[in-house]
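Participant: What follows is upload17.cif; its format and atoms are mmCIF, C-alpha atoms.
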data_protein
#
loop_
_atom_site.group_PDB
_atom_site.id
_atom_site.type_symbol
_atom_site.label_atom_id
_atom_site.label_comp_id
_atom_site.auth_asym_id
_atom_site.auth_seq_id
_atom_site.Cartn_x
_atom_site.Cartn_y
_atom_site.Cartn_z
ATOM 1 C CA MET G 209 -183.823 -84.207 -194.382
ATOM 2 C CA LYS G 210 -186.890 -82.404 -195.764
ATOM 3 C CA ALA G 211 -190.189 -83.814 -194.625
ATOM 4 C CA ASP G 212 -192.752 -85.188 -197.121
ATOM 5 C CA VAL G 213 -195.468 -82.746 -198.219
ATOM 6 C CA VAL G 214 -198.821 -83.496 -196.560
ATOM 7 C CA PRO G 215 -201.551 -82.713 -199.098
ATOM 8 C CA GLY G 216 -204.438 -82.835 -196.632
ATOM 9 C CA ILE G 217 -205.966 -84.395 -193.605
ATOM 10 C CA PRO G 218 -206.755 -88.122 -193.816
ATOM 11 C CA ALA G 219 -210.490 -88.801 -193.569
ATOM 12 C CA SER G 220 -209.898 -91.095 -190.617
ATOM 13 C CA LEU G 221 -208.821 -88.099 -188.572
ATOM 14 C CA GLY G 222 -212.073 -86.267 -189.143
ATOM 15 C CA GLN G 223 -212.434 -82.543 -189.826
ATOM 16 C CA PRO G 224 -211.187 -80.103 -187.181
ATOM 17 C CA ARG G 225 -213.794 -77.740 -185.733
ATOM 18 C CA HIS G 226 -211.460 -74.729 -185.619
ATOM 19 C CA PRO G 227 -209.409 -73.476 -188.629
ATOM 20 C CA HIS G 228 -206.270 -73.278 -186.462
ATOM 21 C CA ALA G 229 -206.650 -76.958 -185.642
ATOM 22 C CA LEU G 230 -206.201 -77.738 -189.326
ATOM 23 C CA VAL G 231 -202.876 -75.912 -189.328
ATOM 24 C CA PHE G 232 -201.745 -77.616 -186.142
ATOM 25 C CA THR G 233 -202.727 -81.031 -187.475
ATOM 26 C CA VAL G 234 -200.914 -80.547 -190.779
ATOM 27 C CA VAL G 235 -197.814 -79.203 -189.034
ATOM 28 C CA GLY G 236 -197.954 -82.026 -186.527
ATOM 29 C CA LEU G 237 -198.104 -84.666 -189.245
ATOM 30 C CA ALA G 238 -195.277 -82.996 -191.124
ATOM 31 C CA LEU G 239 -193.136 -82.950 -187.993
ATOM 32 C CA VAL G 240 -193.852 -86.607 -187.308
ATOM 33 C CA LEU G 241 -192.851 -87.527 -190.845
ATOM 34 C CA GLY G 242 -189.796 -85.298 -190.610
ATOM 35 C CA PHE G 243 -188.682 -86.844 -187.325
ATOM 36 C CA ALA G 244 -189.216 -90.326 -188.716
ATOM 37 C CA GLN G 245 -187.039 -89.589 -191.734
ATOM 38 C CA GLY G 246 -184.452 -87.889 -189.513
ATOM 39 C CA ALA G 247 -184.305 -90.973 -187.330
ATOM 40 C CA VAL G 248 -183.507 -93.110 -190.370
ATOM 41 C CA THR G 249 -180.731 -90.681 -191.305
ATOM 42 C CA GLN G 250 -179.273 -90.885 -187.808
ATOM 43 C CA GLN G 251 -179.410 -94.677 -187.849
ATOM 44 C CA ASN G 252 -177.460 -94.970 -191.080
ATOM 45 C CA PRO G 253 -174.733 -92.311 -191.076
ATOM 46 C CA VAL G 254 -171.326 -92.877 -192.641
ATOM 47 C CA THR G 255 -167.892 -92.083 -191.231
ATOM 48 C CA ALA G 256 -164.698 -91.583 -193.243
ATOM 49 C CA ILE G 257 -161.979 -93.452 -191.373
ATOM 50 C CA ASP G 258 -158.225 -93.888 -191.490
ATOM 51 C CA ILE G 259 -156.659 -96.963 -189.896
ATOM 52 C CA ALA G 260 -153.119 -95.808 -189.229
ATOM 53 C CA LEU G 261 -149.873 -96.736 -187.558
ATOM 54 C CA GLU G 262 -148.573 -94.258 -185.007
ATOM 55 C CA PRO G 263 -144.902 -93.427 -185.695
ATOM 56 C CA ASP G 264 -142.288 -93.043 -182.993
ATOM 57 C CA ALA G 265 -140.615 -89.831 -181.840
ATOM 58 C CA THR G 266 -137.964 -90.034 -184.556
ATOM 59 C CA MET G 267 -140.480 -89.860 -187.399
ATOM 60 C CA ILE G 268 -142.645 -87.312 -185.609
ATOM 61 C CA GLN G 269 -139.705 -84.951 -185.213
ATOM 62 C CA HIS G 270 -138.733 -85.261 -188.896
ATOM 63 C CA ALA G 271 -142.355 -84.664 -189.919
ATOM 64 C CA LYS G 272 -142.761 -81.601 -187.695
ATOM 65 C CA ASP G 273 -139.482 -80.088 -188.895
ATOM 66 C CA ALA G 274 -140.602 -80.476 -192.517
ATOM 67 C CA ASN G 275 -144.063 -79.141 -191.617
ATOM 68 C CA ALA G 276 -142.511 -75.978 -190.150
ATOM 69 C CA ARG G 277 -140.635 -75.414 -193.421
ATOM 70 C CA LEU G 278 -143.807 -75.771 -195.462
ATOM 71 C CA LEU G 279 -145.751 -73.369 -193.266
ATOM 72 C CA LYS G 280 -143.145 -70.665 -193.813
ATOM 73 C CA SER G 281 -143.564 -71.106 -197.555
ATOM 74 C CA PHE G 282 -147.342 -71.659 -197.515
ATOM 75 C CA PRO G 283 -148.967 -70.278 -194.315
ATOM 76 C CA LYS G 284 -152.428 -71.390 -195.457
ATOM 77 C CA GLY G 285 -151.413 -74.993 -194.863
ATOM 78 C CA PHE G 286 -151.977 -76.924 -191.637
ATOM 79 C CA THR G 287 -149.834 -77.498 -188.578
ATOM 80 C CA LEU G 288 -149.086 -81.008 -187.401
ATOM 81 C CA ASP G 289 -150.602 -81.070 -183.927
ATOM 82 C CA GLU G 290 -153.044 -82.957 -181.711
ATOM 83 C CA THR G 291 -155.801 -82.633 -184.310
ATOM 84 C CA HIS G 292 -153.542 -83.233 -187.330
ATOM 85 C CA HIS G 293 -151.719 -86.360 -186.249
ATOM 86 C CA PRO G 294 -148.573 -87.547 -188.042
ATOM 87 C CA HIS G 295 -149.413 -91.113 -189.088
ATOM 88 C CA VAL G 296 -148.815 -93.860 -191.621
ATOM 89 C CA THR G 297 -152.108 -94.630 -193.351
ATOM 90 C CA MET G 298 -152.828 -98.307 -193.845
ATOM 91 C CA LEU G 299 -156.433 -98.026 -194.993
ATOM 92 C CA GLN G 300 -159.009 -95.307 -195.641
ATOM 93 C CA GLN G 301 -162.657 -96.227 -196.101
ATOM 94 C CA PHE G 302 -166.234 -95.076 -195.689
ATOM 95 C CA VAL G 303 -167.892 -97.253 -193.041
ATOM 96 C CA ARG G 304 -171.279 -97.362 -191.386
ATOM 97 C CA THR G 305 -171.074 -95.375 -188.181
ATOM 98 C CA ASP G 306 -173.211 -97.930 -186.366
ATOM 99 C CA ASP G 307 -170.516 -100.524 -187.152
ATOM 100 C CA LEU G 308 -167.547 -98.553 -185.824
ATOM 101 C CA ASP G 309 -167.126 -100.806 -182.792
ATOM 102 C CA LYS G 310 -166.990 -103.808 -185.123
ATOM 103 C CA VAL G 311 -164.405 -102.008 -187.260
ATOM 104 C CA PHE G 312 -162.280 -101.312 -184.170
ATOM 105 C CA ALA G 313 -162.452 -104.957 -183.091
ATOM 106 C CA ALA G 314 -161.650 -106.283 -186.563
ATOM 107 C CA ALA G 315 -158.673 -103.945 -187.001
ATOM 108 C CA ASN G 316 -157.379 -104.658 -183.509
ATOM 109 C CA ALA G 317 -157.446 -108.417 -184.134
ATOM 110 C CA ILE G 318 -155.351 -108.041 -187.302
ATOM 111 C CA LEU G 319 -152.867 -105.665 -185.694
ATOM 112 C CA ALA G 320 -152.461 -107.901 -182.654
ATOM 113 C CA LYS G 321 -151.648 -110.817 -184.934
ATOM 114 C CA GLN G 322 -149.203 -108.917 -187.149
ATOM 115 C CA LYS G 323 -147.339 -107.086 -184.325
ATOM 116 C CA PRO G 324 -146.105 -104.079 -186.385
ATOM 117 C CA THR G 325 -144.283 -102.556 -183.405
ATOM 118 C CA ALA G 326 -141.609 -105.208 -183.959
ATOM 119 C CA TRP G 327 -140.868 -103.967 -187.486
ATOM 120 C CA THR G 328 -138.106 -101.559 -188.473
ATOM 121 C CA LEU G 329 -139.431 -99.127 -191.059
ATOM 122 C CA LYS G 330 -137.341 -96.958 -193.367
ATOM 123 C CA ALA G 331 -138.089 -93.427 -194.575
ATOM 124 C CA PHE G 332 -136.212 -92.663 -197.758
ATOM 125 C CA LYS G 333 -137.617 -89.694 -199.703
ATOM 126 C CA TYR G 334 -140.251 -86.972 -199.939
ATOM 127 C CA TYR G 335 -143.606 -87.606 -201.550
ATOM 128 C CA ILE G 336 -145.188 -84.812 -203.606
ATOM 129 C CA PRO G 337 -148.515 -85.408 -205.401
ATOM 130 C CA SER G 338 -151.033 -83.261 -207.273
ATOM 131 C CA PRO G 339 -149.595 -79.858 -208.294
ATOM 132 C CA PRO G 340 -149.839 -76.840 -208.373
ATOM 133 C CA ILE G 341 -150.657 -76.926 -204.641
ATOM 134 C CA GLY G 342 -150.537 -80.279 -202.976
ATOM 135 C CA LEU G 343 -149.715 -82.408 -200.008
ATOM 136 C CA ALA G 344 -146.197 -83.494 -199.250
ATOM 137 C CA GLY G 345 -145.100 -86.489 -197.256
ATOM 138 C CA ILE G 346 -142.130 -88.537 -196.117
ATOM 139 C CA VAL G 347 -142.230 -91.851 -197.970
ATOM 140 C CA VAL G 348 -141.851 -95.133 -196.111
ATOM 141 C CA GLU G 349 -140.397 -98.184 -197.822
ATOM 142 C CA PRO G 350 -143.357 -100.479 -198.678
ATOM 143 C CA THR G 351 -142.181 -103.736 -197.107
ATOM 144 C CA GLU G 352 -143.829 -107.154 -197.370
ATOM 145 C CA ASP G 353 -144.952 -106.729 -193.767
ATOM 146 C CA LEU G 354 -146.796 -103.494 -194.558
ATOM 147 C CA HIS G 355 -148.402 -105.000 -197.657
ATOM 148 C CA ARG G 356 -149.570 -108.035 -195.692
ATOM 149 C CA LEU G 357 -150.992 -105.856 -192.930
ATOM 150 C CA GLN G 358 -152.877 -103.705 -195.409
ATOM 151 C CA ASP G 359 -154.285 -106.709 -197.275
ATOM 152 C CA GLU G 360 -155.602 -108.243 -194.070
ATOM 153 C CA LEU G 361 -157.102 -104.967 -192.850
ATOM 154 C CA ILE G 362 -158.958 -104.534 -196.146
ATOM 155 C CA LYS G 363 -160.511 -107.984 -195.815
ATOM 156 C CA ALA G 364 -161.357 -107.518 -192.141
ATOM 157 C CA VAL G 365 -163.081 -104.144 -192.600
ATOM 158 C CA GLU G 366 -164.804 -104.863 -195.915
ATOM 159 C CA PRO G 367 -168.102 -106.111 -194.376
ATOM 160 C CA TYR G 368 -168.638 -102.698 -192.760
ATOM 161 C CA THR G 369 -167.787 -100.439 -195.694
ATOM 162 C CA VAL G 370 -170.027 -98.441 -198.016
ATOM 163 C CA LYS G 371 -169.178 -97.266 -201.511
ATOM 164 C CA THR G 372 -168.943 -93.554 -200.824
ATOM 165 C CA GLY G 373 -169.943 -90.739 -198.504
ATOM 166 C CA THR G 374 -170.569 -87.008 -198.315
ATOM 167 C CA PRO G 375 -168.633 -84.206 -196.582
ATOM 168 C CA ALA G 376 -170.730 -85.019 -193.494
ATOM 169 C CA ALA G 377 -168.722 -88.241 -193.083
ATOM 170 C CA PHE G 378 -165.574 -86.225 -192.343
ATOM 171 C CA PHE G 379 -164.421 -84.177 -189.373
ATOM 172 C CA SER G 380 -164.873 -80.537 -190.306
ATOM 173 C CA ASP G 381 -164.739 -77.151 -188.591
ATOM 174 C CA GLU G 382 -166.529 -75.582 -191.565
ATOM 175 C CA ASP G 383 -169.681 -77.703 -191.941
ATOM 176 C CA GLY G 384 -167.999 -79.736 -194.671
ATOM 177 C CA ARG G 385 -167.024 -76.794 -196.869
ATOM 178 C CA ASP G 386 -163.339 -77.650 -196.417
ATOM 179 C CA ILE G 387 -163.755 -81.250 -197.597
ATOM 180 C CA GLN G 388 -162.384 -81.608 -201.106
ATOM 181 C CA LYS G 389 -164.331 -83.521 -203.752
ATOM 182 C CA SER G 390 -161.079 -85.213 -204.724
ATOM 183 C CA LEU G 391 -160.700 -86.434 -201.123
ATOM 184 C CA ILE G 392 -164.135 -88.062 -201.182
ATOM 185 C CA GLU G 393 -163.241 -89.794 -204.445
ATOM 186 C CA TYR G 394 -159.866 -90.877 -203.033
ATOM 187 C CA VAL G 395 -161.398 -92.494 -199.947
ATOM 188 C CA ALA G 396 -164.150 -94.135 -202.017
ATOM 189 C CA ASN G 397 -161.550 -95.661 -204.354
ATOM 190 C CA PHE G 398 -158.723 -96.227 -201.872
ATOM 191 C CA VAL G 399 -158.563 -100.001 -202.298
ATOM 192 C CA THR G 400 -158.209 -99.597 -206.072
ATOM 193 C CA ILE G 401 -155.858 -96.620 -206.291
ATOM 194 C CA ALA G 402 -153.848 -96.663 -203.053
ATOM 195 C CA ALA G 403 -153.544 -100.307 -202.012
ATOM 196 C CA GLY G 404 -151.699 -103.328 -203.323
ATOM 197 C CA LYS G 405 -149.225 -102.386 -206.040
ATOM 198 C CA HIS G 406 -150.299 -98.744 -205.668
ATOM 199 C CA PHE G 407 -149.616 -98.637 -201.928
ATOM 200 C CA ASN G 408 -147.380 -95.683 -201.083
ATOM 201 C CA PRO G 409 -146.955 -95.605 -197.293
ATOM 202 C CA HIS G 410 -145.970 -92.154 -196.063
ATOM 203 C CA VAL G 411 -146.342 -89.588 -193.318
ATOM 204 C CA THR G 412 -148.023 -86.416 -194.556
ATOM 205 C CA ILE G 413 -146.026 -83.324 -193.608
ATOM 206 C CA GLY G 414 -148.159 -80.466 -194.926
ATOM 207 C CA VAL G 415 -149.209 -78.421 -197.921
ATOM 208 C CA GLY G 416 -147.021 -76.455 -200.307
ATOM 209 C CA THR G 417 -146.796 -74.938 -203.750
ATOM 210 C CA GLU G 418 -145.463 -76.971 -206.655
ATOM 211 C CA THR G 419 -142.385 -74.732 -206.924
ATOM 212 C CA TYR G 420 -141.393 -75.099 -203.295
ATOM 213 C CA LEU G 421 -142.196 -78.805 -203.170
ATOM 214 C CA ASN G 422 -140.003 -79.416 -206.206
ATOM 215 C CA GLU G 423 -137.158 -77.630 -204.429
ATOM 216 C CA MET G 424 -137.598 -79.935 -201.446
ATOM 217 C CA LEU G 425 -137.702 -82.951 -203.719
ATOM 218 C CA ALA G 426 -134.430 -81.939 -205.349
ATOM 219 C CA GLU G 427 -132.626 -81.779 -202.014
ATOM 220 C CA PRO G 428 -130.637 -84.765 -200.760
ATOM 221 C CA PHE G 429 -132.777 -86.832 -198.401
ATOM 222 C CA GLU G 430 -130.973 -88.570 -195.578
ATOM 223 C CA SER G 431 -132.867 -91.796 -194.984
ATOM 224 C CA PHE G 432 -133.650 -92.897 -191.442
ATOM 225 C CA THR G 433 -135.354 -95.752 -189.648
ATOM 226 C CA PHE G 434 -138.245 -95.619 -187.224
ATOM 227 C CA SER G 435 -140.883 -97.879 -185.742
ATOM 228 C CA ALA G 436 -144.587 -97.918 -184.972
ATOM 229 C CA THR G 437 -145.556 -97.357 -181.349
ATOM 230 C CA GLY G 438 -149.227 -98.129 -181.760
ATOM 231 C CA ALA G 439 -152.187 -97.782 -184.088
ATOM 232 C CA SER G 440 -155.408 -95.789 -184.190
ATOM 233 C CA VAL G 441 -158.603 -95.363 -186.120
ATOM 234 C CA TYR G 442 -159.157 -91.718 -187.006
ATOM 235 C CA GLN G 443 -161.950 -89.727 -188.587
ATOM 236 C CA LEU G 444 -160.519 -88.067 -191.659
ATOM 237 C CA GLY G 445 -160.549 -84.323 -192.208
ATOM 238 C CA SER G 446 -159.592 -81.886 -194.957
ATOM 239 C CA PHE G 447 -156.627 -82.995 -197.108
ATOM 240 C CA GLY G 448 -157.006 -86.507 -195.685
ATOM 241 C CA THR G 449 -155.577 -85.491 -192.320
ATOM 242 C CA ALA G 450 -156.167 -87.599 -189.208
ATOM 243 C CA ARG G 451 -158.350 -85.100 -187.371
ATOM 244 C CA LYS G 452 -160.221 -87.019 -184.687
ATOM 245 C CA GLU G 453 -159.054 -90.130 -182.900
ATOM 246 C CA LEU G 454 -161.991 -92.510 -182.739
ATOM 247 C CA LYS G 455 -160.151 -95.411 -181.142
ATOM 248 C CA ALA G 456 -156.587 -96.028 -179.997
ATOM 249 C CA LEU G 457 -155.398 -99.570 -180.691
ATOM 250 C CA PRO G 458 -152.438 -100.241 -178.390
ATOM 251 C CA LEU G 459 -150.044 -102.770 -179.859
ATOM 252 C CA MET G 460 -148.072 -105.364 -177.948
ATOM 253 C CA PRO G 461 -144.341 -105.763 -178.821
#
Would you put the structure from the file into structure tokens?

Facilitator:
Amino acid sequence: MKADVVPGIPASLGQPRHPHALVFTVVGLALVLGFAQGAVTQQNPVTAIDIALEPDATMIQHAKDANARLLKSFPKGFTLDETHHPHVTMLQQFVRTDDLDKVFAAANAILAKQKPTAWTLKAFKYYIPSPPIGLAGIVVEPTEDLHRLQDELIKAVEPYTVKTGTPAAFFSDEDGRDIQKSLIEYVANFVTIAAGKHFNPHVTIGVGTETYLNEMLAEPFESFTFSATGASVYQLGSFGTARKELKALPLMP
């Protein structure tokens, strides 16, 4: 953050005897002010998080197979790997970084109570939003269990949320240049546009062109069942991917 401009030397400091001392004093004051403002910035940063269910090997294999197809069609997309985790998003929010431990504890308490590893989840179609180039996903049937879990997570995390954030809140290899404005707006408005009746649970499989995604959508989709093996809180990256695991939340059966 830019330091405040120092117009002169306060009278209480007296006048320096050497002209260089004036420069040093002004610079010193500016640095002090700059450090003070920087400290405030560091104390109140924001992190863009994703509280997600970790799918089992069955879903991961389906997601990676579909991801490989998309990469052949659109090589500029991303590969599902250790820093692009296949996951089922339950909640995305901007939270105060200083409160992350409280977020972890609140989410863990809800997940422990709900026991999602005992649920059988069903994948039944592809999900294709925002053309002409957009994300694709495998859609999961939005059961009452998933809705209840999401509702309780929203309430539990709400005390630690902030309205919005900047690209700095996300995980980025490009100093935030790869963070889409639409992604920031999506996370800021998640509870309104992607929860409740708008909840569309899915596992993101990659990026593709509208033409190719429509071809995938037109293909027969053989539904399958899978389960959650755990849960995690991730720091979001470009395209809303789960880039950095902040906390694993092991779930009991």

Participant: Check the smallest atom-to-atom distance from each of G:Tyr334, G:Phe379, G:Trp327, G:Phe432 to Gln269 (chain G) using only C-alpha atoms, then report the winner.

Facilitator: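 Between G:Tyr334, G:Phe379, G:Trp327, G:Phe432, the residue approaching Gln269 (chain G) most closely is G:Phe432.
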
Participant: Ranking G:Lys330, G:Lys321, G:Arg451, G:His355 by minimum distance to Pro294 (chain G) and counting only C-alpha atoms, which one comes first?

Facilitator: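 Closest to Pro294 (chain G), using only C-alpha atoms: G:Arg451.
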
Participant: If the PyMOL selection byres ((chain G and resi 456-461) around 8) is run on the structure shown, which residues does it catch, given as an NGL selection string?

Facilitator: :G and (312 or 316 or 319-320 or 323-326 or 437-441 or 453-455)

Participant: Separation of CA of Asp264 (chain G) and CA of Ser435 (chain G), in Å?

Facilitator: 5.7 Å

Participant: Rank G:Leu329, G:Leu299, G:Ala377, G:Val311 by their smallest atom-to-atom distance to Ala436 (chain G), using all atoms listed in the file, and report the top residue only.

Facilitator: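 Distance minimum relative to Ala436 (chain G) lands on G:Leu329.
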
Participant: Spell out the residues picked by the PyMOL selection byres ((chain G and resi 280-282) around 10) here, as a PyMOL selection string.

Facilitator: chain G and resi 275-279+283-286+341+414-417+420-421

Participant: Around all the atoms of region 268-271 of chain G listed in the file, draw an axis-aligned box and extend it by 8 Å on each of the six sides; I want its centre and edge lengths in Å to one decimal, as lines of an AutoDock Vina configuration file.

Facilitator:
center_x = -140.7
center_y = -86.0
center_z = -187.6
size_x = 19.9
size_y = 18.6
size_z = 20.7

Participant: So what do you get for CA of Leu288 (chain G) versus CA of Asp307 (chain G), distance-wise?

Facilitator: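 Straight-line distance from CA of Leu288 (chain G) to CA of Asp307 (chain G) works out to 29.0 Å.
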
Participant: Counting only C-alpha atoms, which residues of region 352-392 of chain G sit at most 8 Å from some atom of region 399-412 of chain G, and what is each one's closest atom pair with its distance in Å to one decimal, listed by chain and rising residue number, as JSON lines?

Facilitator:
{"residue": "G:His355", "atom": "CA", "partner": "G:Gly404", "partner_atom": "CA", "distance": 6.8}
{"residue": "G:Gln358", "atom": "CA", "partner": "G:Ala403", "partner_atom": "CA", "distance": 7.5}
{"residue": "G:Asp359", "atom": "CA", "partner": "G:Gly404", "partner_atom": "CA", "distance": 7.4}
{"residue": "G:Ile362", "atom": "CA", "partner": "G:Val399", "partner_atom": "CA", "distance": 7.7}

Participant: Give me a file of those residues, with C-alpha atoms, as a compact mmCIF listing (two decimals), in the frame of the given file.

Facilitator:
# COMPACT_ATOMS: atom_id res chain seq x y z
CA HIS G 355 -148.40 -105.00 -197.66
CA GLN G 358 -152.88 -103.70 -195.41
CA ASP G 359 -154.28 -106.71 -197.28
CA ILE G 362 -158.96 -104.53 -196.15

Participant: Report the distance between CA of Phe398 (chain G) and CA of Ala364 (chain G) in Å, rounded to one decimal place.

Facilitator: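 According to the coordinates, CA of Phe398 (chain G) and CA of Ala364 (chain G) are separated by 15.1 Å.
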
Participant: Care to translate the PyMOL selection byres ((chain G and resi 396) around 8) into actual residues of this file, as a PyMOL selection string?

Facilitator: chain G and resi 301-302+371-373+392-395+397-398

Participant: Nearest to Thr297 (chain G): which of G:Phe378, G:Tyr335, G:Phe447, G:Tyr442 is it, counting only C-alpha atoms?

Facilitator: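 Counting only C-alpha atoms, the residue closest to Thr297 (chain G) is G:Tyr442.
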
Participant: Looking at all atoms listed in the file, which of G:Leu425, G:Asp306, G:Thr351, G:Gly345 is the one that sits closest to Asp273 (chain G)?

Facilitator: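 The closest residue to Asp273 (chain G) is G:Gly345.
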
Participant: Using only C-alpha atoms, pick whichever of G:Ile336, G:Glu360, G:Thr369, G:Ala271 has the shortest atom-to-atom distance to His292 (chain G).

Facilitator: G:Ala271

Participant: Using only C-alpha atoms, can you list as a ChimeraX atom specification the residues within 12 Å of (-172.7, -94.1, -188.3)?

Facilitator: /G:248-257,302-311,368-370,373,376-378,443
